[in-house]
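Participant: First the structure, which I've put down as structure tokens, then a few questions once you've had a look.
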There are 4 protein chains.
Amino acid sequence: MAGLIWDKAGAAVDDRIQRFLAGDDVILDRALFLYDVRASKAHVRGLARIGVLEETEAASLVAELDALTEAFLAGAFTLDDRFEDGHSAIEAHLVERLGDTGRKVHTGRSRNDQVLVASRLYLRDALAEVERRSLLVASALLDRAEATAGVPMPGYTHLQRAVPSSVGLWLAGFAEAMIDNAALARSTAAWIDCCPLGTAAGYGVNLPLDRQGVAAELGFARLQVNPVYAQNSRGKFEIQALTALLQPLLDVRRFAWDLSLYTTVEFGFVTLPASYTTGSSIMPNKKNPDVVELLRASPAVVEGALAEIAAILSLPSGYHRDLQATKAPLLRAMSSGLHALSLVDELVRRLSFDEARMAAAVSPDMFATDRAVELTREGVPFRTAYQRVAEELPTLAGRTAEESLTKRVSPGAPGQLLLDELRARLQNAVQHRD
Amino acid sequence: MAGLIWDKAGAAVDDRIQRFLAGDDVILDRALFLYDVRASKAHVRGLARIGVLEETEAASLVAELDALTEAFLAGAFTLDDRFEDGHSAIEAHLVERLGDTGRKVHTGRSRNDQVLVASRLYLRDALAEVERRSLLVASALLDRAEATAGVPMPGYTHLQRAVPSSVGLWLAGFAEAMIDNAALARSTAAWIDCCPLGTAAGYGVNLPLDRQGVAAELGFARLQVNPVYAQNSRGKFEIQALTALLQPLLDVRRFAWDLSLYTTVEFGFVTLPASYTTGSSIMPNKKNPDVVELLRASPAVVEGALAEIAAILSLPSGYHRDLQATKAPLLRAMSSGLHALSLVDELVRRLSFDEARMAAAVSPDMFATDRAVELTREGVPFRTAYQRVAEELPTLAGRTAEESLTKRVSPGAPGQLLLDELRARLQNAVQHRD
Amino acid sequence: MAGLIWDKAGAAVDDRIQRFLAGDDVILDRALFLYDVRASKAHVRGLARIGVLEETEAASLVAELDALTEAFLAGAFTLDDRFEDGHSAIEAHLVERLGDTGRKVHTGRSRNDQVLVASRLYLRDALAEVERRSLLVASALLDRAEATAGVPMPGYTHLQRAVPSSVGLWLAGFAEAMIDNAALARSTAAWIDCCPLGTAAGYGVNLPLDRQGVAAELGFARLQVNPVYAQNSRGKFEIQALTALLQPLLDVRRFAWDLSLYTTVEFGFVTLPASYTTGSSIMPNKKNPDVVELLRASPAVVEGALAEIAAILSLPSGYHRDLQATKAPLLRAMSSGLHALSLVDELVRRLSFDEARMAAAVSPDMFATDRAVELTREGVPFRTAYQRVAEELPTLAGRTAEESLTKRVSPGAPGQLLLDELRARLQNAVQHRD
Amino acid sequence: MAGLIWDKAGAAVDDRIQRFLAGDDVILDRALFLYDVRASKAHVRGLARIGVLEETEAASLVAELDALTEAFLAGAFTLDDRFEDGHSAIEAHLVERLGDTGRKVHTGRSRNDQVLVASRLYLRDALAEVERRSLLVASALLDRAEATAGVPMPGYTHLQRAVPSSVGLWLAGFAEAMIDNAALARSTAAWIDCCPLGTAAGYGVNLPLDRQGVAAELGFARLQVNPVYAQNSRGKFEIQALTALLQPLLDVRRFAWDLSLYTTVEFGFVTLPASYTTGSSIMPNKKNPDVVELLRASPAVVEGALAEIAAILSLPSGYHRDLQATKAPLLRAMSSGLHALSLVDELVRRLSFDEARMAAAVSPDMFATDRAVELTREGVPFRTAYQRVAEELPTLAGRTAEESLTKRVSPGAPGQLLLDELRARLQNAVQHRD
């Protein structure tokens with residue numbers, strides 16, 4: 001029975017040890033493989049520049065690495081458990097094709113700096129995608145905010161009706177959040193944008209490696225100078241990258257919560273497109289907002305991965321095999337988080353709003369704050385006005401939501417949404433990417 | 001490039017939505033599938049007992065479910081993305097084989113109670129395996145503790161040499177921990193040992209289901225009475241089960257830490273069998289204790305899974321699709337944690353101790369506490385004795401570790417290890433399992 | 001400016017080190033102090049039994065410890081930063097009062113086993129309180145469930161209206177959860193109910209301590225035999241205790257979520273007593289369910305404490321100062337969690353239900369599942385019935401919620417709530433406590 | 001007994017509710033109070049600029065707020081439980097002093113934006129302190145790295161001796177880490193450097209507030225435009241700030257681990273100054289590295305706080321009382337983390353190295369990688385060289401660590417540490433701060 005959980009029947013202890021050591025490592029390496037190949041090419045060219053490889057050796061290694069890339073993309077080369085990991089697979093492939101020339105590729109490097117450079121290259125791309133997706137979501141939100149700037153809806157605090165709000169205010173709030181999230185992804189990418197290749201196992205090598213040239217070829221902004229730091233940064237940069245992924249997902253969760261409430265019969269403010277809902281296996285009447293609910297759950301994978309990585313890092317300096325265990329949570333969280341994020345812009349564009357239900361939900365007591373502030377214009381101290389209005393709530397019945405919105409002119413408020421300012425920030429962020 | 005991370009090139013939005021909804025669910029369900037089938041059989045027999053199914057219908061459904069079990073175990077039936085999930089696969093299979101009779105299997109149940117009952121059945125077995133493995137480790141530790149009861153080694157606090165200790169004391173400490181861990185797994189299994197089947201989507205059904213009979217057939221100790229509770233317990237029982245897995249892994253980590261230190265050249269107390277070590281890709285001289293390091297990392301997956309599940313559970317009553325996201329971390333952590341735990345007893349049995357190195361590391365200052373206590377037997381107040389001994393450390397040079405161990409007779413101490421007591425507790429725990 | 005954050009202006013480095021070492025330890029020890037005194041009394045009597053103390057010495061030490069208890073409870077003795085920690089305070093007090101006799105109290109023990117025994121005594125009481133509070137909440141819920149067993153309300157899945165439910169079903173679900181939570185607190189208390197006193201700094205002492213007698217005097221169920229285990233269990237038993245606290249709080253959170261929704265204007269099912277709500281500083285119209293929201297937040301402190309403790313435990317065997325850092329999160333979480341839990345029974349008793357609003361929210365489509373099951377009684381396979389009903393939703397309009405509830409007779413469902421069974425389980429649990 | 005844990009004996013339920021609502025909020029607000037006062041001054045001046053306050057009213061309010069600052073700093077004004085929170089205290093103080101003018105201070109703001117602006121001001125300073133402290137640590141490390149650049153020590157991977165290293169390499173690694181950590185603190189401060197004041201309760205107000213002017217007066221880089229975003233960012237910016245604190249602490253932990261090992265008798269590489277060690281209550285011979293151990297534990301408070309905050313944030317848009325619970329973990333973690341960080345530079349400066357012990361620990365097998373790379377200069381493919389050297393380890397005995405270090409010339413390696421490059425980065429970072 002336990003066999004169903006974790007084991008093949010009859011596996012000998014040493015088989016179990018081997019599987020324990022291997023884990024899913026080689027499968028996980030599929031996500032890093034092309035980055036590893038790319039870094040290998042740069043490494044080879046660097047070795048040629050310092051005379052450790054002949055130009056012809058370097059050229060044939062690069063050609064085989066290019067061919068390997070092609071084969072991998074075409075599915076002709078599969079990274080599987082014939083290999084210990086992606087690093088071994090590259091070397092094995094080159095040895096098989098090029099013999100002794102292949103046996104030279106690992107000169108002056110270690111798997112330790114190989115995995116570090118591949119991880120940083122991967123995360124640079126992944127964070128660029130977090131940034132791009134965040135901006136796409138911001139753009140969709142801003143578009144809809146502009147179209148709904150004057151559409152009233154209730155504003156809630158404590159889930160209690162508080163002050164008249166507008167659909168535009170609600171959506172623009174998430175747009176601004178996503179613009180900031182994109183900026184965070186960008187600065188995080190800059191933080192990890194340093195090249196560890198050439199630090200070997202954490203103590204350098206007795207070769208005058210052209211690390212600067214290799215870093216430049218790989219597009220890194222700077223060298224990660226110190227080999228001990230290169231090793232000790234494992235886990236640290238993953239945490240920072242995942243935090244930059246977590247931030248937009250925290251907003252996605254909050255937005256999903258809003259949609260989850262607003263699509264209830266009781267609120268009835270929003271309708272989802274059919275493709276975002278599913279049925280029930282037992283209840284013929286159900287149409288469930290499953291996509292929204294899974295979006296709401298999306299930060300969990302990232303939070304779990306952060307906890308998993310953090311739990312590994314209490315170690316002395318230098319590489320320890322424990323650190324390999326950062327790879328699975330990193331890749332799992334990045335993949336699943338980006339998947340979630342990729343669905344949001346389209347969801348935003350396809351929401352339907354029931355403006356009548358929203359307007360009807362703006363009740364007269366919600367004008368109380370407007371009224372209290374008005375009294376201050378007549379010289380009544382705010383605290384006195386506040387107390388007076390609490391006793392005069394019935395007198396507010398004649399007001400309209402539209403008027404309340406129009407007069408709410410503090411910068412950013414419904415009467416002055418500053419969508420142009422947000423649009424300008426978005427444009428600026430988009431241009432920075434190009 | 002981003003495509004490498006999460007997407008197939010050119011996937012349309014609705015494809016992405018479908019993949020987002022599906023996730024790995026059907027693959028994950030492989031671990032639960034036979035439990036789901038078993039519960040389906042019990043459900044079918046229960047329906048027959050209340051006359052909702054004919055006996056012949058029930059018999060043919062049970063026969064097909066048995067055949068499905070056989071086919072699954074033999075690899076002739078593969079649970080893959082032809083199906084939405086394992087639950088749908090079972091119903092689809094029965095409909096394909098039995099037509100309208102198959103269409104009756106879902107009478108009076110929902111996927112909501114199906115997944116709950118399968119999860120609890122799975123965890124009952126998994127916790128039994130945690131218990132069994134913990135006891136195996138305890139047994140290996142006790143065996144070696146008995147053989148090394150008098151072998152001196154330094155006792156450390158703050159990693160500083162403190163008091164003479166013995167290998168037996170060290171190993172027996174982990175043995176007692178593992179006996180307690182087994183007890184926790186056992187009581188946790190009892191806590192989750194209630195049957196949710198028959199609570200449907202969280203509100204019951206208009207059928208007089210024989211829930212008690214179904215629960216008894218599945219070997220549950222009691223009914224989970226209330227359908228709202230059945231749904232709301234999702235996530236809660238998984239957390240408790242994973243905590244029961246975490247506890248032995250916390251001890252494994254601490255033991256792995258000890259081994260990691262004791263196998264350094266600087267300590268040099270322990271040698272690992274060759275199959276527990278690996279080489280380096282760049283350093284020809286290395287023999288690394290990778291298995292021990294991965295054991296040290298083993299709690300991380302469980303801690304991550306706990307954080308991931310906890311991050312999902314902030315929800316109102318009733319089923320929400322978010323809750324499906326508890327499945328992946330649960331299965332991942334249980335599988336990986338049990339794999340780690342399964343390696344420890346053999347590791348314990350195969351450790352080699354360098355008794356001479358250990359003995360040499362017991363330095364004279366470590367007898368200071370013995371001496372202070374001796375002075376109290378002569379009437380010197382302990383605090384006074386403590387101060388006097390601090391000034392007389394050089395006088396302790398003539399003592400031996402063996403004498404210190406023999407005279408350390410407080411119950412549980414090296415001079416009175418009480419291994420018989422621990423052995424009796426272990427036997428008692430083993431008998432409870434049988 | 002930074003000074004505002006963490007420092008007194010001009011503090012010398014060594015002052016900062018001293019404050020860093022001290023932390024809040026002595027303040028935190030207030031919660032453990034009486035347990036430490038109680039364990040000291042047992043330790044003293046044990047020393048007398050083996051002749052290490054004269055009977056008269058023991059008697060005077062016990063008398064002073066009793067006086068210290070009195071003084072502490074009366075506020076005449078304050079545990080503050082005159083002392084390094086609670087342990088030092090006890091010894092200093094005894095030395096001040098009894099001179100050399102006081103200097104004997106620490107014979108055969110270490111602060112290491114002192115803090116362990118005090119922590120376990122504290123947690124035994126705290127878990128008894130978790131158990132007691134959980135049962136009080138269960139009792140309040142069951143009382144109200146009995147009174148509202150037939151009151152219809154909508155049953156939700158995915159926050160969408162699903163199936164008619166009843167207030168009794170909803171409340172009884174939480175009652176059953178709390179009965180199970182109490183059982184968990186009880187079994188967790190049993191798990192940690194072993195006595196570490198007499199294991200000294202982790203290696204025992206050269207005295208034939210009467211550990212069994214001391215453990216019995218302190219009411220422990222068993223000895224924690226091995227001194228290495230006693231040290232290595234630090235953090236582990238705290239995690240288990242906090243998990244037992246987390247479980248009822250997860251239910252409290254879910255219940256608070258329900259109340260948060262049901263007290264919105266949009267749902268309008270529940271009204272809170274005025275003392276559970278607060279106003280706004282700016283909006284005169286607001287009445288906010290702050291208590292419910294803080295209850296919803298209550299698991300966060302416990303989850304944070306669990307993460308904090310877990311982050312400390314990656315260590316080799318033996319005591320390290322790191323482990324002292326488990327104390328603050330343990331005490332903080334236990335205190336705040338119990339405070340939250342202590343408010344729930346009264347809250348349950350004082351909720352008002354708007355039965356008319358609830359009944360009106362049961363819409364005809366919610367009878368679809370009932371109808372599908374009815375069709376199966378006529379021989380229609382469930383899957384076929386499900387499809388047919390999906391097309392016939394309009395025909396369900398004539399049904400009533402009451403009828404639906406009455407006919408929903410699967411055990412635990414609204415038509416057969418089995419409140420007697422839950423009441424019996426509750427009584428049984430209460431009796432076990434007495 | 002439970003009373004000791006959480007309650008005053010005999011407290012009525014409503015008392016308990018009030019204490020539950022209040023929590024420690026007003027005490028926590030002490031850390032935010034001066035920021036709240038500063039923001040209040042800016043708010044008042046802004047109100048004057050738009051004519052909502054008379055200039056004389058604004059002047060007297062500002063004067064009283066200045067006086068309040070003085071009184072608070074001098075200890076003449078104590079923020080305690082006479083007040084609900086710091087915000088109320090400010091308003092109450094102004095009303096007491098200025099009557100109706102005081103009642104005007106809250107015009108156009110809410111406690112919701114008050115706490116947000118105070119929190120962001122606080123974190124801007126706290127992050128500046130994280131940056132400053134990180135740079136101080138980097139500076140101390142670089143100084144010592146320069147002085148020890150050529151001092152050999154063993155380089156470890158997997159805690160096994162791997163390759164000769166130098167004290168300079170080891171320390172410079174942490175220096176580079178701290179320079180990067182400072183950059184992260186800086187960019188994080190920039191990310192949160194936007195002004196929420198003037199967004200009121202999340203929906204703005206019907207006044208043309210001069211938000212831009214207020215933001216400028218408070219030194220904010222930009223406006224947080226949208227009021228919904230201002231509320232929804234609660235928790236998000238705290239998480240980001242704490243992550244920026246966590247990163248240097250992760251390096252502190254790793255450094256503390258190194259010191260913990262290197263101060264064992266077995267390694268014997270490092271001696272700590274006496275003021276960083278403590279004694280034992282039972283063992284007269286002990287000198288324990290408690291400060292180092294508490295530094296190693298220092299990330300735990302931050303990790304716990306991150307988990308605690310994250311556990312709160314699963315909420316719909318808008319303010320909920322749950323969000324108040326972010327304050328305690330934020331302040332606790334920032335204060336304790338900065339305290340830890342403030343001790344490290346001095347610790348670095350006062351470490352003593354045992355150069356002879358370190359040199360003696362460089363064993364001949366550690367030259368194997370050097371030798372393998374040398375063979376590649378003679379044309380032997382690396383993989384072949386690697387295999388050959390594994391068989392020739394005994395031939396390496398004549399080599400010296402100094403030679404190995406000198407020839408290890410890959411950029412960043414011991415033979416080319418690039419300390420100038422790190423020094424330049426440090427200078428650049430320091431200048432940015434000025």
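Chain identifiers are assigned as A, B, and so on, following the order in which chains appear in the structure tokens; residues are numbered from 1 within each chain, and ligands are numbered from 1 in order of appearance.
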Identify, on the basis of only C-alpha atoms, every residue whose closest approach to Pro273 in chain C does not exceed 12 Å; exclude the query and any residue fewer than 4 positions from it along the same chain; express the result as a PyMOL selection string.
Facilitator: (chain C and resi 263+277-278+287-292+346-353) or (chain D and resi 14+17)
Participant: Residues of chain D no more than 10 Å from chain B, counting only C-alpha atoms: send them over as a ChimeraX atom specification.
Facilitator: /D:156-163,260-261,263-268,280-290,292-293,307,310-315,361,364-373,382-383,385-393
Participant: Taking the backbone alone, and naming residues the way the document does, which bits of range 45-177 of chain B are strand (DSSP E) by DSSP, as a PyMOL selection string?
Facilitator: chain B and resi 152-157+160-166
Participant: For Arg120 in chain C, find every residue with an atom within 12 Å (counting only C-alpha atoms), except residues of its own chain fewer than 6 positions away, and show them as a PyMOL selection string.
Facilitator: chain C and resi 32+35-36+39+113-114+126-127+188-197+215+218-221+224+230+233-238+240-241+327+330
Participant: Among range 74-206 of chain D, which residues carry a DSSP assignment of helix (DSSP H, G or I), reported as a PyMOL selection string?
Facilitator: chain D and resi 74+86-104+111-147+167-191
Participant: May I have the residues within 12 Å of range 168-170 of chain B as JSON, numbers by chain, using only C-alpha atoms and disregarding those fewer than 3 positions away in the same chain?
Facilitator: {"B": [141, 142, 143, 144, 145, 146, 147, 148, 149, 150, 151, 152, 153, 154, 155, 156, 164, 165, 173, 174, 175, 176, 177, 254, 255, 258, 259, 353, 405, 408, 411, 412, 413, 414, 415, 416, 417, 418, 419, 422], "C": [199, 202, 203, 204, 225, 226, 227, 228, 229, 230, 231, 232, 316, 317, 318]}
Participant: My list of candidates is C:Leu375, C:Val205, C:Ala360, C:Leu426. Which is closest to Val52 in chain B when distances are computed with only C-alpha atoms?
Facilitator: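 With only C-alpha atoms as the atom set, the closest residue is C:Leu375.
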Participant: Find the residues near Arg433 in chain C: any atom within 12 Å, counting only C-alpha atoms, skip ones fewer than 3 places away on the same chain, and give them as JSON, numbers by chain.
Facilitator: {"C": [127, 128, 129, 130, 131, 132, 133, 135, 182, 183, 185, 186, 426, 427, 428, 429, 430]}
Participant: Can you tell me, as a PyMOL selection string, what residues are no more than 10 Å from Gly86 in chain D when counting only C-alpha atoms, ignoring any on the same chain fewer than 2 positions away?
Facilitator: chain D and resi 25-34+36-37+79-81+83-84+88-92+111+114-115
